[in-house]
$ cat model_33.txt   # compact mmCIF, C-alpha atoms
# COMPACT_ATOMS: atom_id res chain seq x y z
CA MET A 30 19.87 -7.59 3.35
CA LYS A 31 18.65 -9.80 0.53
CA LEU A 32 15.15 -9.11 -0.72
CA SER A 33 14.27 -12.82 -0.66
CA ILE A 34 15.02 -13.00 3.07
CA LEU A 35 12.88 -9.95 3.81
CA LEU A 36 10.02 -11.35 1.73
CA ALA A 37 10.31 -14.69 3.55
CA LEU A 38 10.30 -12.86 6.90
CA SER A 39 7.11 -11.08 5.85
CA LEU A 40 5.37 -14.46 5.61
CA LEU A 41 6.03 -15.47 9.20
CA PRO A 42 3.46 -14.74 11.92
CA LEU A 43 5.78 -12.54 13.99
CA SER A 44 5.71 -8.94 15.18
CA CYS A 45 7.70 -6.42 13.19
CA GLU A 46 10.26 -6.13 15.99
CA LYS A 47 10.83 -9.90 16.02
CA ARG A 48 11.17 -9.97 12.24
CA ILE A 49 13.80 -7.21 12.33
CA ALA A 50 15.71 -8.95 15.13
CA LEU A 51 15.65 -12.17 13.12
CA ALA A 52 16.85 -10.34 10.00
CA HIS A 53 19.78 -8.83 11.92
CA SER A 54 20.69 -12.22 13.40
CA GLY A 55 21.97 -13.41 10.02
CA VAL A 56 19.16 -15.90 9.46
CA THR A 57 19.32 -17.82 6.19
CA LEU A 58 16.55 -18.35 3.70
CA GLN A 59 16.55 -22.07 4.49
CA GLU A 60 16.10 -21.35 8.20
CA LEU A 61 13.09 -19.18 7.38
CA VAL A 62 11.63 -21.96 5.23
CA ASN A 63 12.14 -24.33 8.16
CA ARG A 64 10.17 -21.86 10.32
CA GLY A 65 7.25 -21.91 7.88
CA ALA A 66 7.99 -19.41 5.11
CA SER A 67 6.93 -20.68 1.70
CA MET A 68 9.61 -20.52 -1.01
CA ALA A 69 6.88 -20.75 -3.66
CA ARG A 70 5.27 -17.57 -2.29
CA VAL A 71 8.64 -15.80 -2.05
CA LYS A 72 9.41 -16.72 -5.68
CA ARG A 73 5.98 -15.45 -6.82
CA MET A 74 6.58 -12.10 -5.11
CA LEU A 75 10.09 -11.81 -6.58
CA ARG A 76 8.78 -12.66 -10.06
CA PHE A 77 6.03 -10.07 -9.68
CA LEU A 78 8.47 -7.35 -8.59
CA ASN A 79 10.83 -8.20 -11.46
CA GLU A 80 8.08 -8.23 -14.10
CA GLU A 81 6.36 -5.06 -12.95
CA GLN A 82 9.18 -2.53 -13.11
CA SER A 83 7.07 0.29 -11.68
CA LEU A 84 6.30 -1.63 -8.49
CA LYS A 85 8.39 -1.50 -5.36
CA VAL A 86 8.40 -2.92 -1.87
CA CYS A 87 9.26 -1.30 1.46
CA PHE A 88 9.63 -3.00 4.82
CA TRP A 89 8.93 -1.84 8.37
CA GLY A 90 11.96 0.00 9.74
CA MET A 91 13.31 1.08 6.36
CA ASP A 92 13.73 4.67 5.24
CA GLY A 93 10.58 5.70 3.47
CA TYR A 94 8.23 3.42 5.42
CA PRO A 95 5.18 5.62 6.15
CA SER A 96 5.54 7.11 9.61
CA ALA A 97 1.76 7.07 10.14
CA LEU A 98 1.82 3.27 10.02
CA TYR A 99 4.19 3.05 12.98
CA GLN A 100 1.30 4.24 15.15
CA MET A 101 -0.78 1.17 14.30
CA GLU A 102 -1.11 -1.66 16.79
CA ASN A 103 -0.01 -4.23 14.21
CA PRO A 104 1.54 -2.43 11.22
CA PRO A 105 2.26 -4.33 8.00
CA PHE A 106 5.84 -5.51 7.77
CA ARG A 107 5.77 -5.47 3.96
CA LEU A 108 4.21 -2.72 1.84
CA MET A 109 4.07 -2.99 -1.94
CA TYR A 110 3.41 0.19 -3.92
CA ASN A 111 3.55 1.61 -7.41
CA ASN A 112 4.46 5.31 -7.42
CA LEU A 113 5.27 6.96 -4.12
CA LEU A 114 5.08 6.44 -0.41
CA PRO A 115 3.69 9.24 1.77
CA ASP A 116 6.27 11.83 2.67
CA PRO A 117 6.65 12.20 6.46
CA SER A 118 6.00 15.93 6.17
CA SER A 119 2.77 15.49 4.20
CA HIS A 120 -0.56 16.46 5.65
CA LEU A 121 -2.64 13.34 5.09
CA LEU A 122 -6.42 13.13 5.19
CA THR A 123 -7.99 9.70 5.26
CA LEU A 124 -11.40 9.85 3.68
CA CYS A 125 -13.94 7.06 3.48
CA GLY A 126 -17.66 7.09 3.24
CA THR A 127 -20.76 5.48 1.92
CA ARG A 128 -20.62 3.60 -1.33
CA TYR A 129 -24.05 4.85 -2.30
CA PRO A 130 -24.20 8.61 -1.64
CA ASP A 131 -27.03 10.69 -2.95
CA GLY A 132 -26.17 13.48 -5.41
CA ASN A 133 -25.85 16.08 -2.67
CA GLY A 134 -23.50 13.89 -0.60
CA ALA A 135 -21.29 13.10 -3.59
CA GLN A 136 -21.12 16.77 -4.54
CA ARG A 137 -20.15 17.80 -1.00
CA ALA A 138 -17.51 15.07 -0.78
CA TYR A 139 -16.04 16.25 -4.07
CA ARG A 140 -15.94 19.90 -2.95
CA PHE A 141 -14.46 18.96 0.43
CA SER A 142 -11.75 16.86 -1.25
CA LEU A 143 -11.06 19.57 -3.82
CA GLU A 144 -10.55 22.14 -1.08
CA ALA A 145 -8.37 19.80 0.95
CA CYS A 146 -6.16 19.05 -2.07
CA ALA A 147 -5.95 22.74 -2.98
CA ASN A 148 -4.65 23.40 0.54
CA ASN A 149 -1.72 20.97 0.33
CA THR A 150 -3.49 18.05 1.98
CA THR A 151 -2.92 14.62 0.48
CA LEU A 152 -5.90 12.29 0.33
CA VAL A 153 -5.73 8.68 1.47
CA THR A 154 -8.70 6.55 0.49
CA SER A 155 -9.78 3.30 -1.08
CA ASN A 156 -10.93 2.75 -4.64
CA SER A 157 -14.47 1.89 -3.57
CA ARG A 158 -17.29 3.51 -5.46
CA GLY A 159 -19.07 6.41 -3.84
CA ILE A 160 -17.39 8.93 -1.55
CA ASP A 161 -13.93 7.33 -1.81
CA ARG A 162 -13.80 7.47 -5.59
CA THR A 163 -15.33 10.95 -5.60
CA ALA A 164 -12.37 12.12 -3.53
CA LEU A 165 -10.01 10.63 -6.11
CA TYR A 166 -11.78 12.56 -8.87
CA ALA A 167 -11.08 15.79 -6.96
CA SER A 168 -7.37 15.02 -6.59
CA GLY A 169 -7.28 14.05 -10.27
CA ASP A 170 -8.88 17.28 -11.36
CA LEU A 171 -6.16 19.17 -9.50
CA LYS A 172 -3.49 16.72 -10.74
CA VAL A 173 -2.14 16.11 -7.25
CA ASN A 174 -1.10 12.79 -5.79
CA ALA A 175 -3.49 10.69 -3.72
CA PHE A 176 -2.94 7.37 -2.00
CA VAL A 177 -5.21 4.39 -2.50
CA ILE A 178 -4.96 1.70 0.17
CA CYS A 179 -5.76 -1.56 -1.60
CA ASP A 180 -7.61 -4.34 0.17
CA CYS A 181 -5.93 -6.95 -2.02
CA GLY A 182 -2.66 -7.53 -3.87
CA LEU A 183 -1.49 -5.31 -6.70
CA ALA A 184 -1.55 -8.17 -9.24
CA THR A 185 -5.19 -9.03 -8.71
CA ARG A 186 -7.55 -8.59 -11.63
CA ARG A 187 -9.50 -5.87 -9.83
CA ILE A 188 -6.42 -3.72 -9.25
CA LYS A 189 -4.92 -4.32 -12.70
CA ALA A 190 -8.25 -3.38 -14.30
CA TYR A 191 -8.28 -0.10 -12.36
CA HIS A 192 -6.74 2.38 -14.75
CA ALA A 193 -5.44 4.68 -12.06
CA LEU A 194 -4.41 8.07 -13.19
CA PRO A 195 -0.67 8.75 -12.92
CA PHE A 196 -1.05 10.76 -9.71
CA VAL A 197 -2.57 7.86 -7.74
CA SER A 198 -0.19 5.81 -5.62
CA LEU A 199 -1.44 2.32 -4.86
CA LEU A 200 -0.34 0.79 -1.55
CA SER A 201 -0.91 -2.80 -0.48
CA PRO A 202 0.26 -4.86 2.49
CA TYR A 203 -0.87 -8.04 0.68
CA GLU A 204 0.98 -10.47 -1.53
CA PRO A 205 0.59 -9.53 -5.18
CA ASP A 206 -1.89 -12.22 -6.12
$ encode --input "model_33.txt" --output "structure tokens"
Amino acid sequence: MKLSILLALSLLPLSCEKRIALAHSGVTLQELVNRGASMARVKRMLRFLNEEQSLKVCFWGMDGYPSALYQMENPPFRLMYNNLLPDPSSHLLTLCGTRYPDGNGAQRAYRFSLEACANNTTLVTSNSRGIDRTALYASGDLKVNAFVICDCGLATRRIKAYHALPFVSLLSPYEPD
């Protein structure tokens, strides 16, 4: 399946099942444009993926698509990421908390995250200040991978300015910009 067709499918307001059925029907890129997919947006995503060699894209139903997302009511069809996707056998812990913890709360979040990481649990969090970022510091200190779910595209200024350590995998269901 051509990447441009899958990217165009990701722009249509359809369920994942309907997108897959459409992809297997042999639909053309022009037919998807006629249904409302924007070629300009597809070209921007392709350009982004070509320019940023470390970035990849995975689609619902493909090998490697995070199994935990299948449990969602409306999972993202397209997932852009930089390093890794969660391994199906991983023990994941989603951690989020206040953005303004007191010193005691931040210290406890750090110790909790450190213990979780030391016991083969992979953290999933955001890059928000406070408890979320404290958890990332713990995974960084142990040099183990953590996943950051981005609330915007991977080409946005905020994400590009985030100098993630090599063990952080950024995941985003959004268009790059």
$ residues_around --input "model_33.txt" --residues "A:Pro130" --least-positions-apart "4" --cutoff "8 Å" --atoms "only C-alpha atoms" --output "list in words"
Gly134, Ala135, Gly159 and Ile160 of chain A
$ residues_around --input "model_33.txt" --residues "A:Cys87" --least-positions-apart "4" --cutoff "7 Å" --atoms "only C-alpha atoms" --output "PDB file with C-alpha atoms, in the frame of the given file"
ATOM      1  CA  MET A  91      13.310   1.080   6.360  1.00  0.00           C
ATOM      2  CA  TYR A  94       8.230   3.420   5.420  1.00  0.00           C
ATOM      3  CA  ARG A 107       5.770  -5.470   3.960  1.00  0.00           C
ATOM      4  CA  LEU A 108       4.210  -2.720   1.840  1.00  0.00           C
ATOM      5  CA  MET A 109       4.070  -2.990  -1.940  1.00  0.00           C
TER       6      MET A 109
END
$ residues_around --input "model_33.txt" --residues "A:Asn112" --least-positions-apart "5" --cutoff "10 Å" --atoms "all atoms listed in the file" --output "list in words"
Ser83, Leu84, Lys85, Asn174, Phe176, Pro195, Phe196, Val197, Ser198, Leu199 and Leu200 of chain A
$ atom_distance --input "model_33.txt" --atom1 "atom CA of A:Ala69" --atom2 "atom CA of A:Pro42"
17.0 Å
$ atom_distance --input "model_33.txt" --atom1 "atom CA of A:Asp180" --atom2 "atom CA of A:Leu152"
16.7 Å
$ closest_residue --input "model_33.txt" --among "A:Arg48, A:His53, A:Arg158, A:Lys172" --to "A:Cys125" --atoms "only C-alpha atoms"
A:Arg158
$ residues_around --input "model_33.txt" --residues "A:Leu124" --least-positions-apart "3" --cutoff "7 Å" --atoms "all atoms listed in the file" --output "list in words"
Leu152, Val153, Thr154 and Asp161 of chain A
$ residues_around --input "model_33.txt" --residues "A:Gly55" --least-positions-apart "3" --cutoff "10 Å" --atoms "all atoms listed in the file" --output "JSON, numbers by chain"
{"A": [30, 34, 50, 51, 52, 58]}
$ atom_distance --input "model_33.txt" --atom1 "atom CA of A:Ala190" --atom2 "atom CA of A:Phe77"
16.4 Å
$ residues_near_point --input "model_33.txt" --point "(-1.0, -8.4, -0.3)" --cutoff "9 Å" --atoms "all atoms listed in the file" --output "ChimeraX atom specification"
/A:107-109,179-184,201-206
$ residues_near_point --input "model_33.txt" --point "(9.1, -14.7, 7.9)" --cutoff "9 Å" --atoms "all atoms listed in the file" --output "PyMOL selection string"
chain A and resi 34-43+48+51+61-62+64-67
$ closest_residue --input "model_33.txt" --among "A:Lys47, A:Leu114, A:His120, A:Glu102" --to "A:Val177" --atoms "all atoms listed in the file"
A:Leu114
$ closest_residue --input "model_33.txt" --among "A:Asn103, A:Gln59, A:Asn79, A:Thr185" --to "A:Glu46" --atoms "only C-alpha atoms"
A:Asn103
$ closest_residue --input "model_33.txt" --among "A:Gln136, A:Ser119, A:Ser44, A:Ser33" --to "A:Thr150" --atoms "all atoms listed in the file"
A:Ser119
$ closest_residue --input "model_33.txt" --among "A:Met74, A:Val56, A:Leu171, A:Cys45" --to "A:Asn148" --atoms "all atoms listed in the file"
A:Leu171
$ closest_residue --input "model_33.txt" --among "A:Val86, A:Thr151, A:Asp170, A:Ala138" --to "A:Ser118" --atoms "all atoms listed in the file"
A:Thr151
